[in-house]
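Chemist: The file below is protein-v7.csv, CSV, N, CA and C atoms and all ligand atoms:
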```
chain,number,residue,atom,x,y,z
A,298,MET,N,-99.3,-196.9,21.9
A,298,MET,CA,-99.4,-196.2,20.6
A,298,MET,C,-99.5,-197.2,19.5
A,299,PHE,N,-98.7,-198.3,19.5
A,299,PHE,CA,-98.7,-199.3,18.5
A,299,PHE,C,-99.3,-200.6,18.9
A,300,SER,N,-99.8,-200.6,20.2
A,300,SER,CA,-100.4,-201.9,20.6
A,300,SER,C,-101.8,-202.0,19.9
A,301,HIS,N,-102.3,-203.2,19.8
A,301,HIS,CA,-103.5,-203.5,19.1
A,301,HIS,C,-103.6,-202.8,17.7
A,302,ILE,N,-102.5,-202.9,17.0
A,302,ILE,CA,-102.4,-202.2,15.7
A,302,ILE,C,-103.3,-202.7,14.7
A,303,GLY,N,-103.7,-204.0,14.8
A,303,GLY,CA,-104.6,-204.6,13.8
A,303,GLY,C,-106.0,-203.9,13.9
A,304,LYS,N,-106.5,-203.7,15.1
A,304,LYS,CA,-107.8,-203.0,15.3
A,304,LYS,C,-107.7,-201.6,14.8
A,305,LYS,N,-106.6,-200.9,15.0
A,305,LYS,CA,-106.4,-199.5,14.6
A,305,LYS,C,-106.4,-199.4,13.1
A,306,ILE,N,-105.7,-200.4,12.4
A,306,ILE,CA,-105.7,-200.4,10.9
A,306,ILE,C,-107.1,-200.6,10.4
A,307,LYS,N,-107.9,-201.4,11.1
A,307,LYS,CA,-109.3,-201.7,10.6
A,307,LYS,C,-110.1,-200.4,10.8
A,308,VAL,N,-109.9,-199.7,11.9
A,308,VAL,CA,-110.7,-198.4,12.1
A,308,VAL,C,-110.3,-197.4,11.1
A,309,LEU,N,-109.0,-197.4,10.8
A,309,LEU,CA,-108.5,-196.4,9.7
A,309,LEU,C,-109.1,-196.7,8.4
A,310,ALA,N,-109.2,-198.0,8.1
A,310,ALA,CA,-109.8,-198.4,6.8
A,310,ALA,C,-111.3,-197.9,6.8
A,311,TRP,N,-112.0,-198.1,7.9
A,311,TRP,CA,-113.4,-197.6,7.9
A,311,TRP,C,-113.5,-196.1,7.8
A,312,CYS,N,-112.5,-195.3,8.4
A,312,CYS,CA,-112.5,-193.9,8.3
A,312,CYS,C,-112.3,-193.4,6.9
A,313,ILE,N,-111.3,-194.1,6.2
A,313,ILE,CA,-111.0,-193.7,4.8
A,313,ILE,C,-112.2,-194.0,3.9
A,314,PHE,N,-112.9,-195.1,4.2
A,314,PHE,CA,-114.1,-195.5,3.4
A,314,PHE,C,-115.1,-194.4,3.6
A,315,VAL,N,-115.4,-194.0,4.8
A,315,VAL,CA,-116.4,-193.0,5.1
A,315,VAL,C,-116.0,-191.6,4.4
A,316,LEU,N,-114.7,-191.2,4.5
A,316,LEU,CA,-114.3,-190.0,3.9
A,316,LEU,C,-114.5,-190.0,2.4
A,317,ILE,N,-114.1,-191.1,1.8
A,317,ILE,CA,-114.3,-191.1,0.3
A,317,ILE,C,-115.8,-191.1,-0.1
A,318,VAL,N,-116.6,-191.8,0.7
A,318,VAL,CA,-118.1,-191.7,0.4
A,318,VAL,C,-118.6,-190.3,0.5
A,319,ILE,N,-118.2,-189.6,1.6
A,319,ILE,CA,-118.6,-188.2,1.8
A,319,ILE,C,-118.1,-187.3,0.7
A,320,ALA,N,-116.8,-187.5,0.3
A,320,ALA,CA,-116.2,-186.7,-0.8
A,320,ALA,C,-117.0,-186.9,-2.1
A,321,GLY,N,-117.4,-188.1,-2.4
A,321,GLY,CA,-118.2,-188.4,-3.6
A,321,GLY,C,-119.5,-187.7,-3.5
A,322,VAL,N,-120.2,-187.8,-2.4
A,322,VAL,CA,-121.5,-187.2,-2.2
A,322,VAL,C,-121.4,-185.7,-2.4
A,323,VAL,N,-120.4,-185.1,-1.7
A,323,VAL,CA,-120.3,-183.6,-1.7
A,323,VAL,C,-119.9,-183.1,-3.1
A,324,LEU,N,-119.0,-183.8,-3.8
A,324,LEU,CA,-118.6,-183.5,-5.2
A,324,LEU,C,-119.8,-183.6,-6.1
A,325,GLY,N,-120.6,-184.7,-5.9
A,325,GLY,CA,-121.8,-184.9,-6.7
A,325,GLY,C,-122.8,-183.7,-6.5
A,326,ALA,N,-123.0,-183.3,-5.2
A,326,ALA,CA,-123.9,-182.2,-4.9
A,326,ALA,C,-123.4,-180.9,-5.6
A,327,ILE,N,-122.1,-180.6,-5.5
A,327,ILE,CA,-121.6,-179.4,-6.1
A,327,ILE,C,-121.8,-179.4,-7.6
A,328,LEU,N,-121.5,-180.6,-8.2
A,328,LEU,CA,-121.6,-180.7,-9.7
A,328,LEU,C,-123.1,-180.6,-10.1
A,329,SER,N,-123.9,-181.2,-9.4
A,329,SER,CA,-125.4,-181.2,-9.8
A,329,SER,C,-126.0,-179.8,-9.6
A,330,ASN,N,-125.4,-179.1,-8.6
A,330,ASN,CA,-125.8,-177.7,-8.4
A,330,ASN,C,-125.4,-176.8,-9.6
A,331,GLU,N,-124.2,-177.0,-10.1
A,331,GLU,CA,-123.7,-176.2,-11.2
A,331,GLU,C,-124.4,-176.5,-12.5
A,332,GLU,N,-124.6,-177.8,-12.7
A,332,GLU,CA,-125.2,-178.3,-14.0
A,332,GLU,C,-126.7,-178.2,-13.9
A,333,ASN,N,-127.3,-178.0,-12.7
A,333,ASN,CA,-128.8,-178.1,-12.5
A,333,ASN,C,-129.3,-179.4,-12.9
A,334,GLU,N,-128.6,-180.5,-12.7
A,334,GLU,CA,-129.0,-181.8,-13.0
A,334,GLU,C,-128.8,-182.7,-11.8
A,335,ILE,N,-129.6,-183.7,-11.6
A,335,ILE,CA,-129.5,-184.6,-10.5
A,335,ILE,C,-128.6,-185.8,-10.7
A,336,LEU,N,-128.4,-186.1,-12.1
A,336,LEU,CA,-127.7,-187.3,-12.4
A,336,LEU,C,-126.2,-187.3,-11.9
A,337,PRO,N,-125.4,-186.2,-12.0
A,337,PRO,CA,-124.1,-186.3,-11.5
A,337,PRO,C,-124.0,-186.6,-10.0
A,338,PHE,N,-125.0,-186.2,-9.3
A,338,PHE,CA,-125.1,-186.5,-7.8
A,338,PHE,C,-125.1,-188.0,-7.6
A,339,PHE,N,-126.0,-188.6,-8.3
A,339,PHE,CA,-126.1,-190.1,-8.1
A,339,PHE,C,-124.9,-190.8,-8.6
A,340,ILE,N,-124.4,-190.4,-9.8
A,340,ILE,CA,-123.2,-191.1,-10.3
A,340,ILE,C,-122.0,-191.0,-9.4
A,341,LEU,N,-121.7,-189.7,-8.9
A,341,LEU,CA,-120.6,-189.5,-8.1
A,341,LEU,C,-120.8,-190.2,-6.7
A,342,SER,N,-122.0,-190.2,-6.2
A,342,SER,CA,-122.2,-190.8,-4.9
A,342,SER,C,-122.0,-192.3,-5.0
A,343,PHE,N,-122.5,-192.9,-6.1
A,343,PHE,CA,-122.3,-194.3,-6.4
A,343,PHE,C,-120.8,-194.6,-6.5
A,344,CYS,N,-120.1,-193.8,-7.3
A,344,CYS,CA,-118.7,-194.0,-7.5
A,344,CYS,C,-117.9,-193.8,-6.2
A,345,GLY,N,-118.3,-192.9,-5.3
A,345,GLY,CA,-117.7,-192.8,-4.0
A,345,GLY,C,-117.8,-194.0,-3.2
A,346,VAL,N,-119.0,-194.6,-3.2
A,346,VAL,CA,-119.2,-195.9,-2.4
A,346,VAL,C,-118.3,-197.0,-3.0
A,347,ILE,N,-118.3,-197.1,-4.3
A,347,ILE,CA,-117.5,-198.2,-4.9
A,347,ILE,C,-116.0,-198.0,-4.7
A,348,LEU,N,-115.6,-196.8,-5.0
A,348,LEU,CA,-114.1,-196.4,-4.8
A,348,LEU,C,-113.7,-196.6,-3.4
A,349,GLY,N,-114.5,-196.1,-2.5
A,349,GLY,CA,-114.2,-196.2,-1.0
A,349,GLY,C,-114.1,-197.6,-0.6
A,350,TRP,N,-115.0,-198.4,-1.1
A,350,TRP,CA,-115.0,-199.9,-0.7
A,350,TRP,C,-113.8,-200.6,-1.3
A,351,PHE,N,-113.5,-200.4,-2.5
A,351,PHE,CA,-112.3,-201.0,-3.1
A,351,PHE,C,-111.0,-200.5,-2.4
A,352,ASN,N,-111.0,-199.2,-2.1
A,352,ASN,CA,-109.8,-198.7,-1.5
A,352,ASN,C,-109.6,-199.2,0.0
A,353,SER,N,-110.7,-199.5,0.6
A,353,SER,CA,-110.6,-199.8,2.1
A,353,SER,C,-110.4,-201.3,2.3
A,354,PHE,N,-110.9,-202.2,1.4
A,354,PHE,CA,-110.8,-203.6,1.8
A,354,PHE,C,-109.4,-204.2,1.8
A,355,LEU,N,-108.5,-203.6,1.0
A,355,LEU,CA,-107.1,-204.1,1.1
A,355,LEU,C,-106.6,-203.7,2.5
A,356,LEU,N,-106.8,-202.5,2.9
A,356,LEU,CA,-106.3,-202.0,4.2
A,356,LEU,C,-107.0,-202.8,5.4
A,357,TYR,N,-108.3,-203.0,5.2
A,357,TYR,CA,-109.0,-203.7,6.3
A,357,TYR,C,-108.6,-205.1,6.4
A,358,SER,N,-108.3,-205.8,5.2
A,358,SER,CA,-107.9,-207.2,5.3
A,358,SER,C,-106.5,-207.3,5.9
A,359,TYR,N,-105.7,-206.3,5.7
A,359,TYR,CA,-104.3,-206.3,6.3
A,359,TYR,C,-104.5,-206.1,7.8
A,360,GLY,N,-105.3,-205.2,8.2
A,360,GLY,CA,-105.6,-205.1,9.7
A,360,GLY,C,-106.1,-206.4,10.3
A,361,GLU,N,-107.0,-207.1,9.6
A,361,GLU,CA,-107.5,-208.4,10.0
A,361,GLU,C,-106.4,-209.4,10.2
A,362,LEU,N,-105.5,-209.4,9.2
A,362,LEU,CA,-104.3,-210.3,9.2
A,362,LEU,C,-103.5,-210.1,10.5
A,363,VAL,N,-103.2,-208.8,10.7
A,363,VAL,CA,-102.3,-208.4,11.8
A,363,VAL,C,-103.0,-208.8,13.1
A,364,ASP,N,-104.3,-208.5,13.2
A,364,ASP,CA,-105.1,-208.8,14.4
A,364,ASP,C,-105.1,-210.3,14.7
A,365,CYS,N,-105.3,-211.1,13.7
A,365,CYS,CA,-105.4,-212.6,13.8
A,365,CYS,C,-104.0,-213.1,14.2
A,366,ASN,N,-103.0,-212.6,13.6
A,366,ASN,CA,-101.6,-213.0,13.9
A,366,ASN,C,-101.2,-212.7,15.3
A,367,GLN,N,-101.6,-211.6,15.8
A,367,GLN,CA,-101.3,-211.3,17.2
A,367,GLN,C,-102.0,-212.3,18.2
A,368,LYS,N,-103.3,-212.6,17.9
A,368,LYS,CA,-104.0,-213.6,18.7
A,368,LYS,C,-103.3,-214.9,18.6
A,369,GLN,N,-102.9,-215.3,17.4
A,369,GLN,CA,-102.2,-216.6,17.2
A,369,GLN,C,-100.9,-216.7,18.0
A,370,VAL,N,-100.1,-215.6,18.0
A,370,VAL,CA,-98.9,-215.6,18.7
A,370,VAL,C,-99.1,-215.7,20.2
A,371,GLN,N,-100.1,-215.0,20.7
A,371,GLN,CA,-100.4,-215.1,22.2
A,371,GLN,C,-100.9,-216.6,22.5
A,372,GLN,N,-101.7,-217.1,21.7
A,372,GLN,CA,-102.2,-218.5,21.9
A,372,GLN,C,-101.1,-219.5,21.9
A,373,ASN,N,-100.2,-219.3,20.9
A,373,ASN,CA,-99.0,-220.2,20.8
A,373,ASN,C,-98.1,-220.1,22.0
A,374,ALA,N,-97.9,-218.9,22.5
A,374,ALA,CA,-97.1,-218.7,23.7
A,374,ALA,C,-97.7,-219.4,24.9
A,375,GLN,N,-99.1,-219.3,25.0
A,375,GLN,CA,-99.7,-219.9,26.1
A,375,GLN,C,-99.6,-221.4,26.0
A,376,MET,N,-99.8,-221.9,24.8
A,376,MET,CA,-99.7,-223.4,24.6
A,376,MET,C,-98.3,-223.9,24.9
A,377,ILE,N,-97.3,-223.2,24.5
A,377,ILE,CA,-95.9,-223.6,24.7
A,377,ILE,C,-95.6,-223.6,26.2
A,378,ALA,N,-96.1,-222.5,26.9
A,378,ALA,CA,-95.9,-222.4,28.3
A,378,ALA,C,-96.6,-223.6,29.0
A,379,LEU,N,-97.8,-223.9,28.6
A,379,LEU,CA,-98.5,-225.0,29.2
A,379,LEU,C,-97.8,-226.3,29.0
A,380,LEU,N,-97.3,-226.5,27.7
A,380,LEU,CA,-96.7,-227.8,27.3
A,380,LEU,C,-95.3,-227.9,28.1
A,381,SER,N,-94.6,-226.8,28.2
A,381,SER,CA,-93.3,-226.9,28.9
A,381,SER,C,-93.5,-227.2,30.4
A,382,LYS,N,-94.6,-226.9,30.9
A,382,LYS,CA,-94.9,-227.2,32.4
A,382,LYS,C,-95.3,-228.6,32.5
A,383,ALA,N,-96.2,-229.0,31.6
A,383,ALA,CA,-96.9,-230.3,31.7
A,383,ALA,C,-96.1,-231.5,31.3
A,384,ALA,N,-95.4,-231.4,30.1
A,384,ALA,CA,-94.8,-232.6,29.5
A,384,ALA,C,-93.3,-232.7,30.1
A,385,PRO,N,-93.0,-233.9,30.7
A,385,PRO,CA,-91.6,-234.1,31.1
A,385,PRO,C,-90.8,-234.4,29.9
A,386,SER,N,-89.5,-234.1,29.9
A,386,SER,CA,-88.6,-234.4,28.8
A,386,SER,C,-88.4,-235.9,28.6
A,387,PRO,N,-88.4,-236.4,27.4
A,387,PRO,CA,-88.2,-237.8,27.2
A,387,PRO,C,-86.8,-238.3,27.5
A,388,ALA,N,-85.9,-237.3,27.6
A,388,ALA,CA,-84.5,-237.7,27.8
A,388,ALA,C,-84.2,-238.2,29.3
A,389,GLY,N,-85.1,-238.0,30.2
A,389,GLY,CA,-84.9,-238.5,31.5
A,389,GLY,C,-85.3,-237.5,32.5
A,390,ALA,N,-85.5,-237.9,33.8
A,390,ALA,CA,-85.9,-237.0,34.8
A,390,ALA,C,-84.8,-236.0,35.2
A,391,GLU,N,-83.6,-236.4,35.1
A,391,GLU,CA,-82.5,-235.5,35.4
A,391,GLU,C,-82.4,-234.4,34.4
A,392,ASN,N,-82.5,-234.7,33.1
A,392,ASN,CA,-82.5,-233.7,32.1
A,392,ASN,C,-83.7,-232.8,32.2
A,393,ALA,N,-84.9,-233.4,32.6
A,393,ALA,CA,-86.1,-232.7,32.7
A,393,ALA,C,-86.0,-231.6,33.7
A,394,THR,N,-85.5,-231.9,34.9
A,394,THR,CA,-85.4,-230.9,35.9
A,394,THR,C,-84.4,-229.8,35.5
A,395,GLN,N,-83.3,-230.3,34.8
A,395,GLN,CA,-82.3,-229.3,34.4
A,395,GLN,C,-82.9,-228.4,33.4
A,396,ALA,N,-83.7,-229.0,32.4
A,396,ALA,CA,-84.3,-228.2,31.3
A,396,ALA,C,-85.3,-227.2,31.9
A,397,ALA,N,-86.1,-227.7,32.9
A,397,ALA,CA,-87.1,-226.8,33.4
A,397,ALA,C,-86.5,-225.6,34.1
A,398,SER,N,-85.3,-225.8,34.7
A,398,SER,CA,-84.7,-224.6,35.4
A,398,SER,C,-84.0,-223.7,34.4
A,399,THR,N,-83.6,-224.1,33.3
A,399,THR,CA,-82.9,-223.2,32.4
A,399,THR,C,-83.7,-222.8,31.2
A,400,VAL,N,-84.6,-223.6,30.7
A,400,VAL,CA,-85.4,-223.2,29.5
A,400,VAL,C,-86.6,-222.4,29.9
A,401,TRP,N,-86.9,-221.4,29.2
A,401,TRP,CA,-88.1,-220.6,29.5
A,401,TRP,C,-88.6,-220.1,28.1
A,402,PHE,N,-89.9,-219.8,28.1
A,402,PHE,CA,-90.6,-219.3,26.9
A,402,PHE,C,-91.2,-217.9,27.1
A,403,CYS,N,-91.0,-217.1,26.1
A,403,CYS,CA,-91.5,-215.7,26.2
A,403,CYS,C,-93.1,-215.8,26.2
A,404,THR,N,-93.8,-215.1,27.1
A,404,THR,CA,-95.2,-215.2,27.1
A,404,THR,C,-95.8,-214.4,26.0
A,405,ALA,N,-95.1,-213.4,25.4
A,405,ALA,CA,-95.6,-212.5,24.4
A,405,ALA,C,-95.4,-213.1,23.0
A,406,CYS,N,-94.2,-213.6,22.7
A,406,CYS,CA,-93.9,-214.1,21.3
A,406,CYS,C,-93.6,-215.6,21.3
A,407,GLY,N,-93.5,-216.3,22.4
A,407,GLY,CA,-93.3,-217.7,22.4
A,407,GLY,C,-91.9,-218.2,22.1
A,408,THR,N,-90.9,-217.3,22.0
A,408,THR,CA,-89.6,-217.6,21.7
A,408,THR,C,-89.0,-218.5,22.9
A,409,ARG,N,-88.2,-219.5,22.5
A,409,ARG,CA,-87.6,-220.4,23.5
A,409,ARG,C,-86.3,-219.9,23.9
A,410,HIS,N,-86.0,-219.7,25.2
A,410,HIS,CA,-84.7,-219.2,25.6
A,410,HIS,C,-84.1,-220.3,26.5
A,411,THR,N,-82.8,-220.5,26.4
A,411,THR,CA,-82.1,-221.4,27.2
A,411,THR,C,-81.2,-220.8,28.3
A,412,ASP,N,-81.1,-219.5,28.2
A,412,ASP,CA,-80.3,-218.8,29.2
A,412,ASP,C,-81.3,-218.3,30.3
A,413,SER,N,-81.1,-218.9,31.5
A,413,SER,CA,-82.1,-218.6,32.6
A,413,SER,C,-81.7,-217.3,33.3
A,414,SER,N,-80.6,-216.7,33.0
A,414,SER,CA,-80.2,-215.4,33.6
A,414,SER,C,-80.8,-214.3,32.9
A,415,LEU,N,-81.4,-214.5,31.7
A,415,LEU,CA,-82.1,-213.4,31.0
A,415,LEU,C,-83.3,-212.9,31.7
A,416,SER,N,-83.5,-211.6,31.8
A,416,SER,CA,-84.7,-211.1,32.4
A,416,SER,C,-85.7,-210.6,31.4
A,417,GLN,N,-85.2,-210.5,30.1
A,417,GLN,CA,-86.1,-210.0,29.0
A,417,GLN,C,-86.0,-211.0,27.8
A,418,CYS,N,-87.0,-211.0,27.0
A,418,CYS,CA,-87.0,-211.8,25.8
A,418,CYS,C,-86.0,-211.1,24.8
A,419,LEU,N,-85.1,-211.9,24.2
A,419,LEU,CA,-84.2,-211.3,23.2
A,419,LEU,C,-84.9,-211.0,21.9
A,420,GLN,N,-86.0,-211.6,21.6
A,420,GLN,CA,-86.8,-211.5,20.4
A,420,GLN,C,-87.6,-210.2,20.4
A,421,CYS,N,-88.4,-210.0,21.5
A,421,CYS,CA,-89.4,-208.9,21.5
A,421,CYS,C,-89.2,-208.0,22.7
A,422,GLY,N,-88.3,-208.3,23.6
A,422,GLY,CA,-88.1,-207.4,24.7
A,422,GLY,C,-89.0,-207.5,25.9
A,423,GLU,N,-90.0,-208.5,25.8
A,423,GLU,CA,-91.0,-208.7,26.9
A,423,GLU,C,-90.2,-209.1,28.2
A,424,THR,N,-90.6,-208.5,29.3
A,424,THR,CA,-90.1,-208.9,30.6
A,424,THR,C,-90.4,-210.3,30.9
A,425,ARG,N,-89.5,-211.1,31.4
A,425,ARG,CA,-89.7,-212.5,31.7
A,425,ARG,C,-90.6,-212.7,32.9
A,426,GLY,N,-91.7,-213.5,32.7
A,426,GLY,CA,-92.6,-213.9,33.8
A,426,GLY,C,-91.9,-214.9,34.7
A,427,VAL,N,-92.5,-215.3,35.8
A,427,VAL,CA,-92.0,-216.2,36.7
A,427,VAL,C,-92.2,-217.6,36.2
A,501,ZN,ZN,-90.7,-212.4,23.3
```
What do you get writing this file as structure tokens?

Modeler:
Amino acid sequence: MFSHIGKKIKVLAWCIFVLIVIAGVVLGAILSNEENEILPFFILSFCGVILGWFNSFLLYSYGELVDCNQKQVQQNAQMIALLSKAAPSPAGAENATQAASTVWFCTACGTRHTDSSLSQCLQCGETRGV
């Protein structure tokens, strides 16, 4: 329901934009029918596009931020997981093997955990991978 929320926010921004443009065109058509003039139709249609655009780009940019942040978090978790496997601890081989057995990183949010008995991430609740 709330997964990929950034993409959903962007789709919502598009839907709101389209609805405002349609509302402007319909309102313009009704007014120009009553007044028997074509000018209100063009003015309200134009205002609908401008208003819809201004109204949507804040929401769309927020969705873009959320989307990028989610990708960043996943990439960071992957990098941390790779680094924790590849790089030995500078404190010595004994510490490195001990650290490798107790320290683990969440694959979803990248949080470092030192308790090896945990089966879930304390930060986000993601189930611990092997
Ligand atoms: Zn987590």

Chemist: What lies within 6.5 Å of Ile306 of chain A using all atoms listed in the file, ignoring chain neighbours under 3 positions off, as a list in words?

Modeler: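 Counting only the stated atoms, we get His301, Ile302, Gly303, Leu309, Ala310, Trp311, Leu356, Tyr357 and Gly360 of chain A.
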
Chemist: How would you report the residues lying within 7 Å of ligand ZN 501 (chain A), as a PyMOL selection string, if you count all atoms listed in the file?

Modeler: chain A and resi 402-408+417-423

Chemist: Mind pulling up the distance from atom CA of Val400 of chain A to atom CA of Ser416 of chain A?

Modeler: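 Atom CA of Val400 of chain A lies at a distance of 12.5 Å from atom CA of Ser416 of chain A.
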
Chemist: Quick one: residues within 12 Å of Ile327 of chain A, only C-alpha atoms, excluding same-chain residues fewer than 3 positions away - as a PyMOL selection string?

Modeler: chain A and resi 320-324+330-339+341-342

Chemist: Interatomic distance between atom N of Val370 of chain A and atom N of Arg409 of chain A?

Modeler: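 Going from atom N of Val370 of chain A over to atom N of Arg409 of chain A covers 13.3 Å.
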
Chemist: Rounded to one decimal, what separation in Å do you get between atom C of Ser358 of chain A and atom CA of Phe299 of chain A?

Modeler: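 If I compute the distance from atom C of Ser358 of chain A to atom CA of Phe299 of chain A, I get 16.8 Å.
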
Chemist: Go through A:Met298, A:Ile313, A:Ala326, A:Ala378 one by one, measure the shortest atom-to-atom distance of each to Trp401 of chain A using all atoms listed in the file, and give the residue with the smallest value.

Modeler: A:Ala378

Chemist: I need the residues in chain A that are helix (DSSP H, G or I) according to DSSP; give them as a ChimeraX atom specification.

Modeler: /A:302-332,336-383,390-399

Chemist: Please provide as a PyMOL selection string all residues within 6.5 Å of Gly349 of chain A, with the sequence filter that same-chain residues fewer than 6 positions apart are discarded (counting all atoms listed in the file).

Modeler: chain A and resi 313-315+317-318
